[in-house]
Amino acid sequence: MTTAERKIVRPYGDTTGDGMVQVSFTLPVPHDKRAEGAAVQLANRMGIDPAMLVHAKQMGDGFTFFVVYGRVNHLVDLSAVQVVERDFPLLSAKEVNAVVKRRLRRKLSVVGACIGTDAHTVGIDAILNVKGIAGEKGLEYYRELSVTNLGAQVSVPELVEAARVARADAVLVSQVVTQRDAHLHNTREMSAAFREAMPAGRRPLLIVGGPRFDETQAAELGVDRIFGRGTTPGEVASYLVHALITSKKAKVA
Amino acid sequence: MSGKLELDPALVVRARELARRAGQPVVDLARSHTTVSVERAVLRLAGVTGADPDGIPWVNRLVDAVVADVGLGHGVAVPVFDALVREQISDVTLLAQKAAAGSVRFVHPTGKAATAARRAARRAVAVGVRQVDRRRAERDRLVKRYGDPAQRPWIYLIVATGDIYEDIPQAQAAARAGADVIAVIRSTGQSLLDYVPEGATREGFAGTYATQENFRLMRAALDESSRELGRYVRLTNYASGLCMPEMATLAGLERLDMMLNDSMYGILFRDINPIRTFVDQRFSRQVHARAGIIINTGEDNYLTTADAVDEAHTVTVSQLLNEYFAHEAGLADWQLGLGHAFEINPDVPESFRLELAHALLARELFPEAPLKWMPPTKHMTGDVFRGNLLDGFFNLAGAMTGQGILLVGMMTEAVVTPWLSDRDIALQNVRYVLGAAGGLHEDFVPAPGGFIQQRAHRVLGEAVDLLERIGDQSLLTAIAEGTFGIMKRPADRGKGLDGVARHEADYYNPATEILEAA
């Protein structure tokens with residue numbers, strides 16, 4: 001098919017089909033002829049052939065930085081590109097605020113805590129504190145979210161009570177300690193307590209996060225969502241908006 | 001006062017007067033309260049070291065034991081030194097161990113016993129303060145021997161691997177590549193730990209734990225680098241969070257040279273209780289003053305959450321408050337690394353001229369302070385080429401406005417923790433700009449009545465207006481209502497409030513007594 005053929009692309013330098021790319025990298029060797037040869041060899045292995053070594057500079061004692069331009073012999077078939085679709089759109093802080101303001105017409109209430117004996121607030125603080133993580137601000141920064149961070153070693157009854165007082169739309173629980181599967185036991189205890197204390201329609205969205213959770217175990221643990229290592233505040237905020245506002249309205253409509 | 005901006009001197013005086021008026025009630029509050037961390041810092045100066053098998057420092061165990069018996073409001077020094085006499089122990093750490101085991105009861109002595117305990121406490125704390133003094137003299141000697149960096153601004157670079165033994169070669173390599181100041185970023189969340197971890201640490205989250213041993217190891221390594229390079233390489237860490245007074249104390253004991261120490265950062269960005277923060281801050285600044293440490297304040301942070309043009313005046317207000325609190329605690333102008341940042345959206349027309357106006361305003365308001373100039377972070381997008389250009393303009397603004405300490409911007413900000421090559425490219429950028437235009441501040445005089453002057457006047461005017469409003473209510477109310485960086489932080493909320501106590505009539509703190517007598 002001609003359309004399928006047109007889906008093959010290669011990088012563009014200044015002429016269609018020239019395949020030109022530019023890469024830079026560091027090798028842990030001092031700068032000499034051999035180092036330059038090694039850089040060209042690496043570029044060749046990456047599919048860049050011919051490779052033009054345009055810049056080499058030694059840094060400190062045993063490292064050299066290289067810039068390489070060259071023609072890459074790989075092709076990309078656009079029709080074969082697989083994209084993993086997130087099941088909710090990733091929104092900016094501004095967009096999250098706008099959706100909450102327009103559709104919910106009140107602040108979205110979030111309560112967070114580390115439960116059980118877990119004193120590792122790194123995770124919950126990265127998600128909730130204004131400071132955030134990796135340059136991304138935490139949920140406290142979102143004007144339309146009202147955040148209550150209960151901190152560490154919160155008991156499940158305390159958490160349920162705080163969620164009730166704050167009229168929580170969502171409860172975020174962070175669990176780092178995994179000794180004797182403490183994170184799983186604590187999560188089950190927490191979800192059971194919420195089910196017992198509140199009717200299904202009034203129960204806040206339950207979210208747990210931590211580096212050792214299996215993200216597919218949500219149903220088994222009785223929570224709505226699990227977030228693993230590397231989750232950012234923006235993902236959590238986007239999910240909240242999706243689960244509490246946009247997907248709900250969609251069902252009604 | 002070079003007067004490049006032709007600021008109205010009466011307005012500048014007025015701004016300082018208003019900052020004093022806003023800050024005074026907070027100082028009164030700080031003088032009439034203590035915190036668990038202040039008391040732990042006192043015990044550290046008195047010689048309590050080490051931690052229990054669970055890693056909880058003995059200072060924490062001892063303060064907790066005293067508080068359980070007699071409360072916090074008298075201060076822990078007198079009950080501790082009274083118990084030392086009664087138990088006939090000479091070592092305070094040993095007393096802490098016994099107290100933790102529950103075999104010591106603390107009382108609040110009166111009469112002769114109280115006088116004796118005060119005297120003994122003061123003697124023990126004086127030993128710690130003398131150690132801080134010796135460290136300061138040692139720094140003076142080394143600076144004299146190896147010299148300060150040849151240029152201003154000093155080049156400030158961050159290292160953070162989580163492992164102190166990885167940090168050391170990286171810091172030494174950075175110093176060789178031109179860094180004058182090395183900052184070891186702390187592990188995420190350390191500011192919210194209510195204790196200082198112990199020992200050398202090899203594992204952290206996006207940073208390395210600040211511990212006394214890590215301080216010592218890194219300072220020793222940089223002393224080696226200073227000798228090798230023939231210039232004194234400074235070391236920075238963080239006196240912030242719930243253990244601010246202890247961090248300051250450990251920094252003084254281990255000859256750190258700069259500490260991040262903002263008056264409001266913990267309140268706004270970490271939701272630490274405002275009173276806890278102000279009490280801790282005053283004590284930590286008294287220690288910094290004594291130790292000859294340069295503080296770095298955190299005004300750059302406001303601009304990462306609020307708009308850098310609309311909220312530029314909040315930076316000026318915070319600088320004025322930080323200056324007031326710092327002077328009150330005994331810090332000299334040369335110790336005030338007041339912060340500000342290059343955070344205006346580059347898509348805003350004339351953004352660079354606006355940056356110059358703001359940077360020059362800080363320079364002219366605080367002519368003797370080594371201002372800390374912070375690089376762009378908010379508008380770094382992952383387009384590393386554009387980022388490198390933006391960093392070049394940041395460096396140029398620093399050179400044109402005579403900044404004191406320049407934190408090196410990374411083109412990979414918001415992408416990765418800097419690679420070796422990122423750091424090298426960033427330093428090359430700094431060297432090029434300082435080499436090509438390092439003296440440009442001599443020639444750079446904005447046109448009278450022009451864009452830059454007008455902008456600076458406007459920001460100063462807005463700062464004075466805001467200070468007027470704060471003065472009418474109080475700084476604590478202003479913080480509670482979200483005046484700075486949009487966060488609302490009421491005085492009766494936030495972390496660490498349960499570690500705060502009002503002074504009883506007989507409150508005694510030998511450290512404060514010694515530091516204030518100086």
# chains A, B, ... in the order shown; residues from 1 in each chain; ligands from 1
call {"tool": "closest_atom_pairs", "arguments": {"of": "chain B", "to": "chain A", "cutoff": "8 Å", "atoms": "only C-alpha atoms", "output": "Markdown table"}}
result
| residue | atom | partner | partner_atom | distance |
| --- | --- | --- | --- | --- |
| B:Ala173 | CA | A:Gly60 | CA | 6.6 |
| B:Arg176 | CA | A:Gly60 | CA | 7.6 |
| B:Ala177 | CA | A:Gly60 | CA | 7.0 |
| B:Thr188 | CA | A:Val122 | CA | 6.4 |
| B:Gly189 | CA | A:Val122 | CA | 5.3 |
| B:Phe269 | CA | A:Val130 | CA | 5.4 |
| B:Arg270 | CA | A:Asn129 | CA | 6.2 |
| B:Asp271 | CA | A:Asn129 | CA | 7.7 |
| B:Thr305 | CA | A:Tyr141 | CA | 7.4 |
| B:Thr377 | CA | A:Gly135 | CA | 7.6 |
| B:Lys378 | CA | A:Gly135 | CA | 7.7 |
| B:Ala414 | CA | A:Gly135 | CA | 5.6 |
| B:Ser421 | CA | A:Phe65 | CA | 6.6 |
| B:Asp424 | CA | A:Met59 | CA | 7.0 |
| B:Met487 | CA | A:Tyr141 | CA | 7.7 |
call {"tool": "residues_around", "arguments": {"residues": "B:Val27", "least_positions_apart": "4", "cutoff": "9 Å", "atoms": "only C-alpha atoms", "output": "VMD selection string"}}
result
chain B and resid 23 31 to 32 278 to 279 282 325 328
call {"tool": "residues_around", "arguments": {"residues": "A:Ala168", "least_positions_apart": "4", "cutoff": "6 Å", "atoms": "only C-alpha atoms", "output": "PyMOL selection string"}}
result
chain A and resi 109-110+163+204
call {"tool": "residues_around", "arguments": {"residues": "A:Asn97", "least_positions_apart": "2", "cutoff": "10 Å", "atoms": "only C-alpha atoms", "output": "VMD selection string"}}
result
chain A and resid 91 to 95 99 to 102 107 to 108 142 to 145 237 241
call {"tool": "residues_around", "arguments": {"residues": "stretch 289-304 of chain B", "least_positions_apart": "3", "cutoff": "8 Å", "atoms": "only C-alpha atoms", "output": "JSON, numbers by chain"}}
result
{"B": [132, 133, 135, 136, 252, 255, 256, 257, 258, 259, 260, 261, 262, 263, 265, 285, 286, 307, 308, 311, 312, 314, 315, 318, 319, 322, 329, 330, 331, 332, 334, 335, 336, 337, 338, 339, 340, 341, 343, 372, 374, 377, 378, 484, 485, 515]}
call {"tool": "write_last_selection", "arguments": {"atoms": "C-alpha atoms", "output": "CSV table (one decimal), in the first residue's frame"}}
result
chain,number,residue,atom,x,y,z
B,132,VAL,CA,32.6,26.9,67.5
B,133,ASP,CA,35.0,29.9,68.1
B,135,ARG,CA,36.4,26.5,64.1
B,136,ARG,CA,35.8,30.1,63.1
B,252,GLY,CA,29.4,25.7,63.7
B,255,ARG,CA,33.2,24.6,60.3
B,256,LEU,CA,30.6,24.7,57.5
B,257,ASP,CA,30.8,28.0,55.8
B,258,MET,CA,27.3,28.8,54.6
B,259,MET,CA,23.9,27.6,55.7
B,260,LEU,CA,20.5,28.0,54.0
B,261,ASN,CA,18.5,29.7,56.7
B,262,ASP,CA,15.3,31.4,55.6
B,263,SER,CA,12.9,33.0,58.1
B,265,TYR,CA,10.6,28.9,54.0
B,285,ARG,CA,21.0,32.7,63.5
B,286,GLN,CA,22.6,33.5,66.8
B,307,ASP,CA,4.5,35.1,39.2
B,308,ALA,CA,7.9,36.6,39.2
B,311,GLU,CA,5.1,39.1,43.0
B,312,ALA,CA,8.5,40.7,42.7
B,314,THR,CA,7.2,40.0,48.0
B,315,VAL,CA,10.9,39.1,47.4
B,318,SER,CA,11.1,39.0,52.5
B,319,GLN,CA,14.6,40.3,52.1
B,322,ASN,CA,15.3,38.5,56.7
B,329,ALA,CA,20.2,37.9,66.0
B,330,GLY,CA,23.6,39.4,65.6
B,331,LEU,CA,24.5,38.6,62.0
B,332,ALA,CA,26.7,41.2,60.2
B,334,TRP,CA,28.7,40.3,55.2
B,335,GLN,CA,26.9,37.2,56.5
B,336,LEU,CA,23.6,38.0,54.7
B,337,GLY,CA,23.3,36.0,51.5
B,338,LEU,CA,19.9,37.4,50.7
B,339,GLY,CA,18.2,35.4,48.0
B,340,HIS,CA,16.6,36.3,44.7
B,341,ALA,CA,16.1,34.6,41.4
B,343,GLU,CA,12.4,33.4,37.3
B,372,LYS,CA,22.6,34.9,46.5
B,374,MET,CA,19.5,31.8,41.9
B,377,THR,CA,14.0,26.7,37.3
B,378,LYS,CA,10.4,27.4,36.6
B,484,PHE,CA,3.8,35.1,50.8
B,485,GLY,CA,3.9,32.5,48.0
B,515,LEU,CA,25.6,34.1,72.5
call {"tool": "select_by_dssp", "arguments": {"residues": "stretch 253-336 of chain B", "states": "alpha helix (DSSP H)", "output": "PyMOL selection string"}}
result
chain B and resi 253+265-270+274-291+300-305+312-328
call {"tool": "closest_residue", "arguments": {"among": "A:Arg195, A:Arg164, A:Arg212, A:His74", "to": "A:Val176", "atoms": "only C-alpha atoms"}}
result
A:Arg212
call {"tool": "residues_around", "arguments": {"residues": "stretch 103-120 of chain B", "least_positions_apart": "2", "cutoff": "7 Å", "atoms": "only C-alpha atoms", "output": "number ranges by chain"}}
result
B: 66, 69-70, 78-79, 81-83, 98-99, 101, 122-124
call {"tool": "select_by_dssp", "arguments": {"residues": "stretch 164-212 of chain A", "states": "strand (DSSP E or B)", "output": "count of residues only"}}
result
10
call {"tool": "residues_around", "arguments": {"residues": "A:Tyr69", "least_positions_apart": "6", "cutoff": "10 Å", "atoms": "only C-alpha atoms", "output": "list in words"}}
result
Gly13, Met20, Val21, Gln22, Val23, Ser24, Ala43, Ile48, Asp49, Pro50, Ala51, Met52, Leu53, Val54 and His55 of chain A
call {"tool": "write_last_selection", "arguments": {"atoms": "N, CA and C atoms", "output": "CSV table (one decimal), in the first residue's frame"}}
result
chain,number,residue,atom,x,y,z
A,13,GLY,N,17.7,16.2,8.6
A,13,GLY,CA,18.7,17.3,8.9
A,13,GLY,C,18.4,18.5,8.1
A,20,MET,N,19.9,12.5,9.3
A,20,MET,CA,20.9,13.1,10.1
A,20,MET,C,20.4,13.3,11.6
A,21,VAL,N,21.3,12.9,12.5
A,21,VAL,CA,21.0,13.1,14.0
A,21,VAL,C,22.2,13.7,14.6
A,22,GLN,N,22.0,14.2,15.8
A,22,GLN,CA,23.1,14.8,16.6
A,22,GLN,C,23.0,14.2,18.0
A,23,VAL,N,24.0,13.6,18.5
A,23,VAL,CA,24.0,13.1,19.9
A,23,VAL,C,25.2,13.6,20.7
A,24,SER,N,25.1,13.6,22.0
A,24,SER,CA,26.2,13.9,22.8
A,24,SER,C,26.3,12.9,24.0
A,43,ALA,N,29.0,5.5,18.3
A,43,ALA,CA,28.1,6.1,17.4
A,43,ALA,C,27.7,5.1,16.3
A,48,ILE,N,24.7,5.1,13.6
A,48,ILE,CA,25.1,6.3,13.0
A,48,ILE,C,26.4,6.1,12.1
A,49,ASP,N,26.2,6.1,10.8
A,49,ASP,CA,27.3,5.7,9.9
A,49,ASP,C,27.1,6.4,8.6
A,50,PRO,N,28.0,7.3,8.1
A,50,PRO,CA,29.2,7.7,8.8
A,50,PRO,C,28.9,8.6,10.0
A,51,ALA,N,29.8,8.5,11.0
A,51,ALA,CA,29.7,9.4,12.2
A,51,ALA,C,30.7,10.5,12.1
A,52,MET,N,30.3,11.7,12.3
A,52,MET,CA,31.3,12.8,12.3
A,52,MET,C,31.5,13.3,13.8
A,53,LEU,N,32.7,13.1,14.3
A,53,LEU,CA,33.0,13.6,15.6
A,53,LEU,C,33.3,15.0,15.5
A,54,VAL,N,32.4,15.9,16.0
A,54,VAL,CA,32.6,17.3,15.8
A,54,VAL,C,33.1,18.0,17.0
A,55,HIS,N,33.1,17.4,18.2
A,55,HIS,CA,33.6,18.0,19.4
A,55,HIS,C,34.0,17.0,20.4
